[in-house]
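A.B. asks: Handing over work.txt, compact mmCIF, C-alpha atoms and all ligand atoms.
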```txt
# COMPACT_ATOMS: atom_id res chain seq x y z
CA MET A 251 -129.66 46.88 -240.42
CA SER A 252 -126.25 47.76 -241.83
CA VAL A 253 -123.69 45.03 -242.23
CA ASP A 254 -120.08 45.53 -241.16
CA PHE A 255 -118.46 43.75 -244.12
CA ALA A 256 -114.90 44.33 -242.88
CA ALA A 257 -115.63 42.94 -239.41
CA LEU A 258 -117.27 39.82 -240.81
CA ALA A 259 -114.40 39.34 -243.25
CA ALA A 260 -111.92 39.64 -240.38
CA ARG A 261 -113.76 36.92 -238.46
CA VAL A 262 -113.56 34.42 -241.31
CA ASP A 263 -110.01 35.42 -242.21
CA GLN A 264 -108.79 34.98 -238.65
CA ALA A 265 -110.40 31.54 -238.54
CA ALA A 266 -108.45 30.54 -241.66
CA VAL A 267 -105.19 31.98 -240.35
CA ALA A 268 -105.60 30.30 -236.95
CA GLY A 269 -106.95 27.06 -238.43
CA GLU A 270 -109.86 27.19 -236.01
CA ALA A 271 -113.52 26.97 -236.97
CA VAL A 272 -115.93 29.79 -236.20
CA GLU A 273 -119.67 30.00 -235.85
CA GLN A 274 -121.59 30.74 -239.05
CA LEU A 275 -121.78 34.48 -239.73
CA THR A 276 -125.51 34.14 -240.30
CA ALA A 277 -125.93 32.94 -236.71
CA GLY A 278 -125.56 36.55 -235.57
CA THR A 279 -126.11 38.71 -238.64
CA GLU A 280 -128.73 38.88 -241.36
CA LEU A 281 -126.74 38.42 -244.51
CA THR A 282 -127.97 38.31 -248.09
CA VAL A 283 -125.98 36.58 -250.80
CA ALA A 284 -125.13 40.00 -252.23
CA ASP A 285 -123.83 41.07 -248.81
CA ALA A 286 -121.84 37.85 -248.61
CA TYR A 287 -120.00 38.64 -251.85
CA ARG A 288 -119.00 41.97 -250.30
CA VAL A 289 -117.67 40.09 -247.27
CA GLN A 290 -115.77 37.78 -249.63
CA GLU A 291 -114.25 40.76 -251.42
CA ALA A 292 -113.15 42.23 -248.09
CA LEU A 293 -111.80 38.85 -246.98
CA VAL A 294 -109.68 38.42 -250.08
CA ALA A 295 -108.57 42.06 -249.85
CA ARG A 296 -107.07 41.17 -246.46
CA ARG A 297 -105.10 38.37 -248.11
CA LEU A 298 -103.94 40.68 -250.90
CA GLY A 299 -102.92 43.17 -248.22
CA ARG A 300 -100.61 40.49 -246.83
CA GLY A 301 -98.89 40.25 -250.22
CA GLU A 302 -100.91 37.55 -251.97
CA ARG A 303 -101.78 37.95 -255.64
CA LEU A 304 -105.10 37.27 -257.35
CA VAL A 305 -104.52 34.47 -259.87
CA GLY A 306 -108.01 33.51 -260.91
CA VAL A 307 -111.50 32.53 -259.93
CA LYS A 308 -113.34 29.35 -259.01
CA LEU A 309 -116.86 28.11 -259.28
CA GLY A 310 -118.59 26.14 -256.55
CA LEU A 311 -121.80 24.16 -256.24
CA THR A 312 -121.62 23.35 -259.94
CA SER A 313 -123.11 19.87 -259.65
CA ALA A 314 -126.84 19.21 -259.47
CA ALA A 315 -126.22 17.13 -256.32
CA LYS A 316 -124.49 19.97 -254.45
CA MET A 317 -127.09 22.51 -255.59
CA ALA A 318 -129.89 20.26 -254.39
CA GLN A 319 -128.10 19.78 -251.08
CA MET A 320 -128.00 23.56 -250.57
CA GLY A 321 -131.47 24.13 -252.03
CA VAL A 322 -130.16 26.56 -254.65
CA ASP A 323 -130.17 26.67 -258.43
CA GLU A 324 -127.26 29.03 -258.98
CA VAL A 325 -123.56 28.43 -258.82
CA ILE A 326 -121.33 30.44 -256.50
CA TRP A 327 -117.90 31.80 -257.22
CA GLY A 328 -114.77 32.70 -255.32
CA ARG A 329 -111.33 34.16 -255.76
CA LEU A 330 -108.03 32.27 -256.08
CA THR A 331 -104.72 33.67 -254.85
CA ASP A 332 -101.18 32.52 -255.49
CA ALA A 333 -100.87 31.36 -251.88
CA MET A 334 -103.51 28.70 -252.60
CA SER A 335 -101.56 27.24 -255.51
CA ILE A 336 -99.86 23.88 -254.90
CA ALA A 337 -97.43 22.65 -257.57
CA ASP A 338 -98.43 19.37 -259.20
CA GLY A 339 -97.08 16.49 -257.10
CA ASP A 340 -95.98 18.71 -254.23
CA ALA A 341 -96.29 17.82 -250.58
CA VAL A 342 -98.78 19.65 -248.40
CA SER A 343 -99.45 19.46 -244.70
CA THR A 344 -102.90 19.41 -243.17
CA GLY A 345 -101.52 21.44 -240.28
CA GLY A 346 -103.24 24.80 -240.23
CA LEU A 347 -106.33 23.48 -242.02
CA ILE A 348 -109.55 22.81 -240.12
CA HIS A 349 -111.29 19.87 -241.82
CA PRO A 350 -110.01 19.82 -245.40
CA ARG A 351 -111.63 17.93 -248.23
CA VAL A 352 -110.45 17.38 -251.77
CA GLU A 353 -112.31 17.15 -255.07
CA PRO A 354 -111.34 16.54 -258.71
CA GLU A 355 -111.94 19.44 -261.07
CA VAL A 356 -111.29 20.82 -264.53
CA ALA A 357 -109.31 24.06 -264.85
CA PHE A 358 -108.96 26.53 -267.69
CA ARG A 359 -106.04 28.84 -268.31
CA LEU A 360 -107.10 32.25 -269.64
CA GLY A 361 -105.43 34.28 -272.35
CA ALA A 362 -104.91 38.00 -272.80
CA GLY A 363 -108.57 38.72 -273.55
CA GLY A 364 -109.92 36.41 -270.87
CA GLU A 365 -110.49 33.66 -273.42
CA PRO A 366 -109.59 30.05 -272.51
CA VAL A 367 -106.31 28.94 -274.06
CA ALA A 368 -105.63 25.63 -272.30
CA VAL A 369 -107.27 23.11 -270.01
CA ALA A 370 -106.01 20.79 -267.26
CA ALA A 371 -107.08 18.24 -264.71
CA ALA A 372 -107.05 19.78 -261.25
CA LEU A 373 -107.56 19.09 -257.58
CA GLU A 374 -109.24 21.54 -255.26
CA VAL A 375 -108.71 21.46 -251.51
CA ILE A 376 -111.69 23.00 -249.76
CA ASP A 377 -111.79 23.81 -246.07
CA SER A 378 -114.85 25.49 -244.63
CA ARG A 379 -113.98 27.87 -241.85
CA TYR A 380 -117.30 27.01 -240.15
CA ALA A 381 -117.73 24.37 -237.47
CA ASP A 382 -118.66 20.92 -238.77
CA PHE A 383 -118.43 22.09 -242.41
CA ARG A 384 -121.98 23.42 -242.02
CA PHE A 385 -123.11 26.70 -243.52
CA THR A 386 -125.86 28.56 -245.31
CA LEU A 387 -125.39 29.90 -248.82
CA PRO A 388 -124.38 33.42 -247.64
CA ASP A 389 -121.95 31.87 -245.15
CA VAL A 390 -120.11 29.85 -247.77
CA VAL A 391 -119.99 32.76 -250.22
CA ALA A 392 -118.52 35.00 -247.49
CA ASP A 393 -115.96 32.25 -246.78
CA ASN A 394 -114.70 32.52 -250.36
CA THR A 395 -116.56 29.30 -251.25
CA SER A 396 -114.36 27.25 -248.89
CA ALA A 397 -111.32 27.78 -251.16
CA ALA A 398 -108.10 26.58 -249.54
CA GLY A 399 -105.80 25.19 -252.24
CA PHE A 400 -105.61 23.95 -255.80
CA VAL A 401 -103.31 21.80 -257.91
CA LEU A 402 -103.13 22.07 -261.69
CA GLY A 403 -101.96 19.24 -263.90
CA PRO A 404 -100.07 19.92 -267.14
CA TRP A 405 -101.93 22.29 -269.46
CA ARG A 406 -103.34 20.73 -272.62
CA PRO A 407 -104.88 22.16 -275.79
CA ILE A 408 -108.64 22.37 -275.35
CA PRO A 409 -110.31 19.41 -277.06
CA ALA A 410 -113.37 19.94 -279.26
CA GLY A 411 -115.75 18.69 -276.56
CA LEU A 412 -115.35 18.48 -272.78
CA ALA A 413 -118.85 17.45 -271.83
CA ASN A 414 -118.49 13.81 -270.88
CA PHE A 415 -115.00 12.76 -269.89
CA GLY A 416 -114.57 10.18 -267.13
CA VAL A 417 -113.09 11.45 -263.87
CA LEU A 418 -111.42 9.50 -261.07
CA LEU A 419 -110.30 10.58 -257.63
CA GLU A 420 -107.66 8.30 -256.13
CA VAL A 421 -106.13 8.09 -252.68
CA ASP A 422 -102.98 5.97 -252.50
CA GLY A 423 -103.84 4.39 -255.84
CA GLN A 424 -107.35 3.37 -254.77
CA VAL A 425 -110.28 4.91 -256.61
CA VAL A 426 -112.45 6.66 -254.02
CA GLU A 427 -114.78 8.61 -256.34
CA THR A 428 -115.78 8.31 -259.98
CA GLY A 429 -117.66 10.83 -262.05
CA SER A 430 -117.88 12.69 -265.30
CA THR A 431 -117.15 16.20 -266.45
CA ALA A 432 -120.89 16.27 -267.26
CA ALA A 433 -121.41 16.81 -263.52
CA ILE A 434 -119.84 20.26 -263.93
CA LEU A 435 -122.93 22.23 -264.98
CA GLY A 436 -123.49 19.68 -267.73
CA ASP A 437 -120.27 20.80 -269.44
CA PRO A 438 -117.17 22.53 -267.99
CA TRP A 439 -117.39 24.89 -270.94
CA ARG A 440 -120.70 26.18 -269.58
CA ALA A 441 -119.08 26.62 -266.17
CA LEU A 442 -116.31 28.65 -267.78
CA GLN A 443 -118.80 31.02 -269.42
CA ARG A 444 -120.77 31.34 -266.18
CA GLY A 445 -117.62 31.99 -264.15
CA LEU A 446 -116.40 34.70 -266.50
CA LYS A 447 -119.79 36.38 -266.42
CA LEU A 448 -120.08 36.28 -262.63
CA ALA A 449 -116.55 37.53 -262.02
CA GLY A 450 -116.95 40.20 -264.72
CA GLY A 451 -120.19 41.32 -263.10
CA ALA A 452 -118.23 41.96 -259.92
CA GLY A 453 -115.75 44.10 -261.83
CA LEU A 454 -112.94 41.56 -262.08
CA VAL A 455 -111.00 41.77 -265.33
CA PRO A 456 -109.33 38.41 -266.10
CA GLN A 457 -105.61 38.74 -266.56
CA PRO A 458 -103.50 36.65 -268.96
CA GLY A 459 -102.52 33.42 -267.21
CA TRP A 460 -105.43 33.48 -264.77
CA VAL A 461 -106.94 30.16 -263.79
CA LEU A 462 -110.64 29.36 -263.79
CA LEU A 463 -111.50 26.31 -261.68
CA ALA A 464 -114.71 25.09 -263.27
CA GLY A 465 -116.05 22.94 -260.43
CA ALA A 466 -116.02 19.44 -259.02
CA ALA A 467 -116.88 16.35 -261.03
CA THR A 468 -117.50 14.17 -257.94
CA ALA A 469 -118.28 14.63 -254.27
CA ALA A 470 -115.41 15.93 -252.15
CA VAL A 471 -113.71 13.46 -249.81
CA PRO A 472 -111.82 14.20 -246.58
CA LEU A 473 -108.19 14.98 -247.30
CA PRO A 474 -106.30 12.08 -245.72
CA GLY A 475 -103.83 12.87 -242.95
CA ALA A 476 -101.13 11.31 -245.12
CA GLY A 477 -101.07 9.82 -248.59
CA HIS A 478 -101.04 10.41 -252.32
CA VAL A 479 -104.12 12.05 -253.84
CA ARG A 480 -104.66 12.14 -257.57
CA ALA A 481 -107.35 13.36 -259.95
CA VAL A 482 -107.47 11.78 -263.39
CA VAL A 483 -109.60 13.23 -266.18
CA GLU A 484 -110.00 11.29 -269.43
CA GLN A 485 -108.04 12.96 -272.25
CA LEU A 486 -106.76 15.70 -269.90
CA GLY A 487 -104.36 13.74 -267.69
CA GLY A 488 -103.90 14.04 -263.96
CA ALA A 489 -103.02 16.31 -261.06
CA SER A 490 -101.72 15.10 -257.71
CA LEU A 491 -100.54 16.07 -254.30
CA GLU A 492 -98.77 14.31 -251.46
CA VAL A 493 -100.23 14.84 -248.01
CA ARG A 494 -97.78 14.77 -245.13
CA PRO A 495 -98.75 15.06 -241.47
O1 LIG B 501 -115.72 24.23 -254.66
C1 LIG B 501 -116.85 23.93 -254.23
O2 LIG B 501 -117.75 23.41 -254.91
C2 LIG B 501 -117.13 24.22 -252.79
C3 LIG B 501 -118.25 25.17 -252.71
C4 LIG B 501 -118.66 25.35 -251.29
C5 LIG B 501 -119.40 24.21 -250.72
C6 LIG B 501 -118.49 23.28 -250.03
O3 LIG B 501 -117.58 23.74 -249.30
O4 LIG B 501 -118.69 22.07 -250.17
MG MG B 502 -114.49 23.07 -255.93
```
Can you present the structure in this file as structure tokens?
Ligand code: 0L1
Ligand code: MG

C.D. replies:
Amino acid sequence: MSVDFAALAARVDQAAVAGEAVEQLTAGTELTVADAYRVQEALVARRLGRGERLVGVKLGLTSAAKMAQMGVDEVIWGRLTDAMSIADGDAVSTGGLIHPRVEPEVAFRLGAGGEPVAVAAALEVIDSRYADFRFTLPDVVADNTSAAGFVLGPWRPIPAGLANFGVLLEVDGQVVETGSTAAILGDPWRALQRGLKLAGGAGLVPQPGWVLLAGAATAAVPLPGAGHVRAVVEQLGGASLEVRP
């Protein structure tokens, strides 16, 4: 059976634009993971067609816990656009989002040859476009790995090792999650290599200044309706956002 990639992409895209959840694509269509990446490409092409710019890539399901939850042993990747970027400390509204969650991450900044030149603490806002945040692996890949927004803290020189830095996620100054960069594929550096390989395999050529979001160091928590959210990564500093109703 042939898959109408553009039609499936339109369904997920319209859900994101309207801020209304849709049924999983796999409820009505047989979709392989390879098909799902083609839907993702078409989905992001729609965003680029509206004037957004590709600014990097992200990895998802990088922790053993999330992989086990999905019954997979491979990470997934998605595309980041400038419209998803939230300046450090800026206010965001949950209006227009469906059921957003937030997770603390590590981000790399890429240089002219796609090599990492700096690192930062980051926050990722994820928002599945599927009802109840439930999906199969092809569904979440097609939905651009739930990407909705990201915040980058100040860039820092890359330290010699990144494999076991403590990570905190705070809401209004209260620690709500603790973890370690080791949760990111054992080492964010490994996630970086994997992300570059996966994106390169799909024909993406990293541009100078692109961001690579390496993955979450803790579980994601619901984005509060209002409040201050901050990620802190040992030796890397923090990244924060202010949620306003
Ligand atoms: O960035 C992520 O790890 C999210 C991947 C997709 C799964 C989810 O939405 O939790
Ligand atoms: Mg993430």

A.B. asks: Using all atoms listed in the file, find each residue in chain A having at least one atom no more than 6 Å away from ligand LIG 501 (chain B); report its shortest atom-to-atom pair and that distance in Å (one decimal), rows by chain then rising number, as CSV.

C.D. replies:
```
residue,atom,partner,partner_atom,distance
A:Gly310,CA,B:LIG501,O2,3.3
A:Leu311,CA,B:LIG501,O2,4.3
A:Ile376,CA,B:LIG501,O3,6.0
A:Ser378,CA,B:LIG501,O3,5.7
A:Val390,CA,B:LIG501,C4,5.9
A:Thr395,CA,B:LIG501,C4,4.5
A:Ser396,CA,B:LIG501,O3,4.8
A:Gly465,CA,B:LIG501,O2,5.8
A:Ala466,CA,B:LIG501,O2,6.0
```

A.B. asks: Report the closest atom pair, with its distance in Å rounded to one decimal, for each residue of chain A that has an atom no farther than 10 Å from ligand MG 502 (chain B); count only C-alpha atoms and all ligand atoms, sort by chain and then rising residue number, and write it as CSV.

C.D. replies:
```
residue,atom,partner,partner_atom,distance
A:Lys308,CA,B:MG502,MG,7.1
A:Leu309,CA,B:MG502,MG,6.5
A:Gly310,CA,B:MG502,MG,5.2
A:Leu311,CA,B:MG502,MG,7.4
A:Thr312,CA,B:MG502,MG,8.2
A:Ser313,CA,B:MG502,MG,9.9
A:Trp327,CA,B:MG502,MG,9.5
A:Gly328,CA,B:MG502,MG,9.7
A:Arg351,CA,B:MG502,MG,9.7
A:Val352,CA,B:MG502,MG,8.1
A:Glu353,CA,B:MG502,MG,6.4
A:Pro354,CA,B:MG502,MG,7.8
A:Glu355,CA,B:MG502,MG,6.8
A:Val356,CA,B:MG502,MG,9.4
A:Ala372,CA,B:MG502,MG,9.7
A:Leu373,CA,B:MG502,MG,8.2
A:Glu374,CA,B:MG502,MG,5.5
A:Val375,CA,B:MG502,MG,7.5
A:Ile376,CA,B:MG502,MG,6.8
A:Thr395,CA,B:MG502,MG,8.1
A:Ser396,CA,B:MG502,MG,8.2
A:Ala397,CA,B:MG502,MG,7.4
A:Ala398,CA,B:MG502,MG,9.7
A:Gly399,CA,B:MG502,MG,9.7
A:Phe400,CA,B:MG502,MG,8.9
A:Leu463,CA,B:MG502,MG,7.2
A:Ala464,CA,B:MG502,MG,7.6
A:Gly465,CA,B:MG502,MG,4.8
A:Ala466,CA,B:MG502,MG,5.0
A:Ala467,CA,B:MG502,MG,8.8
A:Thr468,CA,B:MG502,MG,9.6
A:Ala469,CA,B:MG502,MG,9.4
A:Ala470,CA,B:MG502,MG,8.1
```

A.B. asks: Taking into account all atoms listed in the file, which residue in the set A:Leu435, A:Glu365, A:Pro472, A:Leu462 is nearest to Ala315 (chain A)?

C.D. replies: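 Closest candidate: A:Leu435.
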
A.B. asks: Can you tell me how far CA of Ala271 (chain A) sits from CA of Arg384 (chain A), in Å to one decimal?

C.D. replies: 10.5 Å

A.B. asks: What separation in Å, quoted to one decimal, exists between CA of Thr276 (chain A) and CA of Asp389 (chain A)?

C.D. replies: 6.4 Å

A.B. asks: My list of candidates is A:Ala441, A:Ala413, A:Val461, A:Ala277. Which is closest to Thr331 (chain A) when distances are computed with all atoms listed in the file?

C.D. replies: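 Checking each candidate against Thr331 (chain A), we get A:Val461 as the closest.
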
A.B. asks: Set the distance at 12 Å and use only C-alpha atoms: which residues neighbour Tyr287 (chain A) once local chain neighbours fewer than 5 positions away are removed? I'd like the list as a PyMOL selection string.

C.D. replies: chain A and resi 255-256+258-259+281-282+292-294+326-329+387-395+448-449+451-452

A.B. asks: May I have the residues within 8 Å of Leu360 (chain A) as a PyMOL selection string, using only C-alpha atoms and disregarding those fewer than 3 positions away in the same chain?

C.D. replies: chain A and resi 363-368+456-462

A.B. asks: Please save C-alpha atoms of the selected residues as a PDB file, in the coordinates of the input.

C.D. replies:
```
ATOM      1  CA  GLY A 363    -108.570  38.720-273.550  1.00  0.00           C
ATOM      2  CA  GLY A 364    -109.920  36.410-270.870  1.00  0.00           C
ATOM      3  CA  GLU A 365    -110.490  33.660-273.420  1.00  0.00           C
ATOM      4  CA  PRO A 366    -109.590  30.050-272.510  1.00  0.00           C
ATOM      5  CA  VAL A 367    -106.310  28.940-274.060  1.00  0.00           C
ATOM      6  CA  ALA A 368    -105.630  25.630-272.300  1.00  0.00           C
ATOM      7  CA  PRO A 456    -109.330  38.410-266.100  1.00  0.00           C
ATOM      8  CA  GLN A 457    -105.610  38.740-266.560  1.00  0.00           C
ATOM      9  CA  PRO A 458    -103.500  36.650-268.960  1.00  0.00           C
ATOM     10  CA  GLY A 459    -102.520  33.420-267.210  1.00  0.00           C
ATOM     11  CA  TRP A 460    -105.430  33.480-264.770  1.00  0.00           C
ATOM     12  CA  VAL A 461    -106.940  30.160-263.790  1.00  0.00           C
ATOM     13  CA  LEU A 462    -110.640  29.360-263.790  1.00  0.00           C
TER      14      LEU A 462
END
```

A.B. asks: Between A:Val479, A:Ala257, A:Val307, A:Ala370, which has the minimum distance to Arg288 (chain A) (counting only C-alpha atoms)?

C.D. replies: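 Among the listed residues, the smallest separation from Arg288 (chain A) belongs to A:Ala257.
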
A.B. asks: Write a file for region 376-453 of chain A, containing C-alpha atoms (output as a PDB file, in the first residue's frame).

C.D. replies:
```pdb
ATOM      1  CA  ILE A 376       8.003  18.697  23.812  1.00  0.00           C
ATOM      2  CA  ASP A 377       4.355  18.542  22.816  1.00  0.00           C
ATOM      3  CA  SER A 378       3.026  15.428  21.151  1.00  0.00           C
ATOM      4  CA  ARG A 379       0.366  16.207  18.611  1.00  0.00           C
ATOM      5  CA  TYR A 380      -1.359  12.906  19.474  1.00  0.00           C
ATOM      6  CA  ALA A 381      -4.167  12.531  21.988  1.00  0.00           C
ATOM      7  CA  ASP A 382      -3.038  11.707  25.526  1.00  0.00           C
ATOM      8  CA  PHE A 383       0.656  11.931  24.533  1.00  0.00           C
ATOM      9  CA  ARG A 384       0.361   8.341  23.286  1.00  0.00           C
ATOM     10  CA  PHE A 385       2.028   7.132  20.118  1.00  0.00           C
ATOM     11  CA  THR A 386       3.924   4.344  18.434  1.00  0.00           C
ATOM     12  CA  LEU A 387       7.500   4.800  17.259  1.00  0.00           C
ATOM     13  CA  PRO A 388       6.497   5.704  13.654  1.00  0.00           C
ATOM     14  CA  ASP A 389       3.916   8.162  15.006  1.00  0.00           C
ATOM     15  CA  VAL A 390       6.413  10.075  17.112  1.00  0.00           C
ATOM     16  CA  VAL A 391       9.006  10.129  14.319  1.00  0.00           C
ATOM     17  CA  ALA A 392       6.391  11.517  11.908  1.00  0.00           C
ATOM     18  CA  ASP A 393       5.519  14.149  14.549  1.00  0.00           C
ATOM     19  CA  ASN A 394       9.106  15.425  14.424  1.00  0.00           C
ATOM     20  CA  THR A 395       9.842  13.664  17.732  1.00  0.00           C
ATOM     21  CA  SER A 396       7.365  15.900  19.598  1.00  0.00           C
ATOM     22  CA  ALA A 397       9.640  18.941  19.097  1.00  0.00           C
ATOM     23  CA  ALA A 398       7.938  22.183  20.126  1.00  0.00           C
ATOM     24  CA  GLY A 399      10.557  24.542  21.579  1.00  0.00           C
ATOM     25  CA  PHE A 400      14.041  24.797  22.995  1.00  0.00           C
ATOM     26  CA  VAL A 401      16.025  27.173  25.187  1.00  0.00           C
ATOM     27  CA  LEU A 402      19.813  27.371  25.097  1.00  0.00           C
ATOM     28  CA  GLY A 403      21.875  28.634  28.007  1.00  0.00           C
ATOM     29  CA  PRO A 404      25.127  30.529  27.438  1.00  0.00           C
ATOM     30  CA  TRP A 405      27.577  28.626  25.243  1.00  0.00           C
ATOM     31  CA  ARG A 406      30.668  27.286  26.998  1.00  0.00           C
ATOM     32  CA  PRO A 407      33.913  25.724  25.770  1.00  0.00           C
ATOM     33  CA  ILE A 408      33.503  21.961  25.643  1.00  0.00           C
ATOM     34  CA  PRO A 409      35.076  20.381  28.735  1.00  0.00           C
ATOM     35  CA  ALA A 410      37.323  17.328  28.407  1.00  0.00           C
ATOM     36  CA  GLY A 411      34.575  14.967  29.583  1.00  0.00           C
ATOM     37  CA  LEU A 412      30.789  15.335  29.586  1.00  0.00           C
ATOM     38  CA  ALA A 413      29.806  11.859  30.666  1.00  0.00           C
ATOM     39  CA  ASN A 414      28.666  12.313  34.245  1.00  0.00           C
ATOM     40  CA  PHE A 415      27.603  15.825  35.145  1.00  0.00           C
ATOM     41  CA  GLY A 416      24.720  16.303  37.569  1.00  0.00           C
ATOM     42  CA  VAL A 417      21.517  17.730  36.092  1.00  0.00           C
ATOM     43  CA  LEU A 418      18.607  19.431  37.853  1.00  0.00           C
ATOM     44  CA  LEU A 419      15.224  20.487  36.564  1.00  0.00           C
ATOM     45  CA  GLU A 420      13.589  23.177  38.696  1.00  0.00           C
ATOM     46  CA  VAL A 421      10.131  24.692  38.684  1.00  0.00           C
ATOM     47  CA  ASP A 422       9.819  27.900  40.709  1.00  0.00           C
ATOM     48  CA  GLY A 423      13.086  27.105  42.473  1.00  0.00           C
ATOM     49  CA  GLN A 424      11.985  23.620  43.542  1.00  0.00           C
ATOM     50  CA  VAL A 425      13.917  20.664  42.181  1.00  0.00           C
ATOM     51  CA  VAL A 426      11.433  18.425  40.356  1.00  0.00           C
ATOM     52  CA  GLU A 427      13.860  16.055  38.599  1.00  0.00           C
ATOM     53  CA  THR A 428      17.490  15.097  39.102  1.00  0.00           C
ATOM     54  CA  GLY A 429      19.696  13.156  36.748  1.00  0.00           C
ATOM     55  CA  SER A 430      23.040  12.911  35.061  1.00  0.00           C
ATOM     56  CA  THR A 431      24.361  13.551  31.596  1.00  0.00           C
ATOM     57  CA  ALA A 432      25.194   9.821  31.671  1.00  0.00           C
ATOM     58  CA  ALA A 433      21.489   9.259  30.962  1.00  0.00           C
ATOM     59  CA  ILE A 434      22.063  10.734  27.491  1.00  0.00           C
ATOM     60  CA  LEU A 435      23.230   7.602  25.663  1.00  0.00           C
ATOM     61  CA  GLY A 436      25.857   7.136  28.366  1.00  0.00           C
ATOM     62  CA  ASP A 437      27.596  10.332  27.239  1.00  0.00           C
ATOM     63  CA  PRO A 438      26.218  13.376  25.349  1.00  0.00           C
ATOM     64  CA  TRP A 439      29.286  13.105  23.152  1.00  0.00           C
ATOM     65  CA  ARG A 440      28.011   9.755  21.893  1.00  0.00           C
ATOM     66  CA  ALA A 441      24.619  11.335  21.228  1.00  0.00           C
ATOM     67  CA  LEU A 442      26.319  14.055  19.214  1.00  0.00           C
ATOM     68  CA  GLN A 443      28.086  11.518  17.000  1.00  0.00           C
ATOM     69  CA  ARG A 444      24.884   9.517  16.568  1.00  0.00           C
ATOM     70  CA  GLY A 445      22.864  12.628  15.731  1.00  0.00           C
ATOM     71  CA  LEU A 446      25.340  13.792  13.112  1.00  0.00           C
ATOM     72  CA  LYS A 447      25.371  10.361  11.519  1.00  0.00           C
ATOM     73  CA  LEU A 448      21.582  10.041  11.435  1.00  0.00           C
ATOM     74  CA  ALA A 449      21.009  13.530  10.058  1.00  0.00           C
ATOM     75  CA  GLY A 450      23.843  13.081   7.541  1.00  0.00           C
ATOM     76  CA  GLY A 451      22.305   9.798   6.428  1.00  0.00           C
ATOM     77  CA  ALA A 452      19.150  11.708   5.577  1.00  0.00           C
ATOM     78  CA  GLY A 453      21.150  14.142   3.472  1.00  0.00           C
TER      79      GLY A 453
END
```
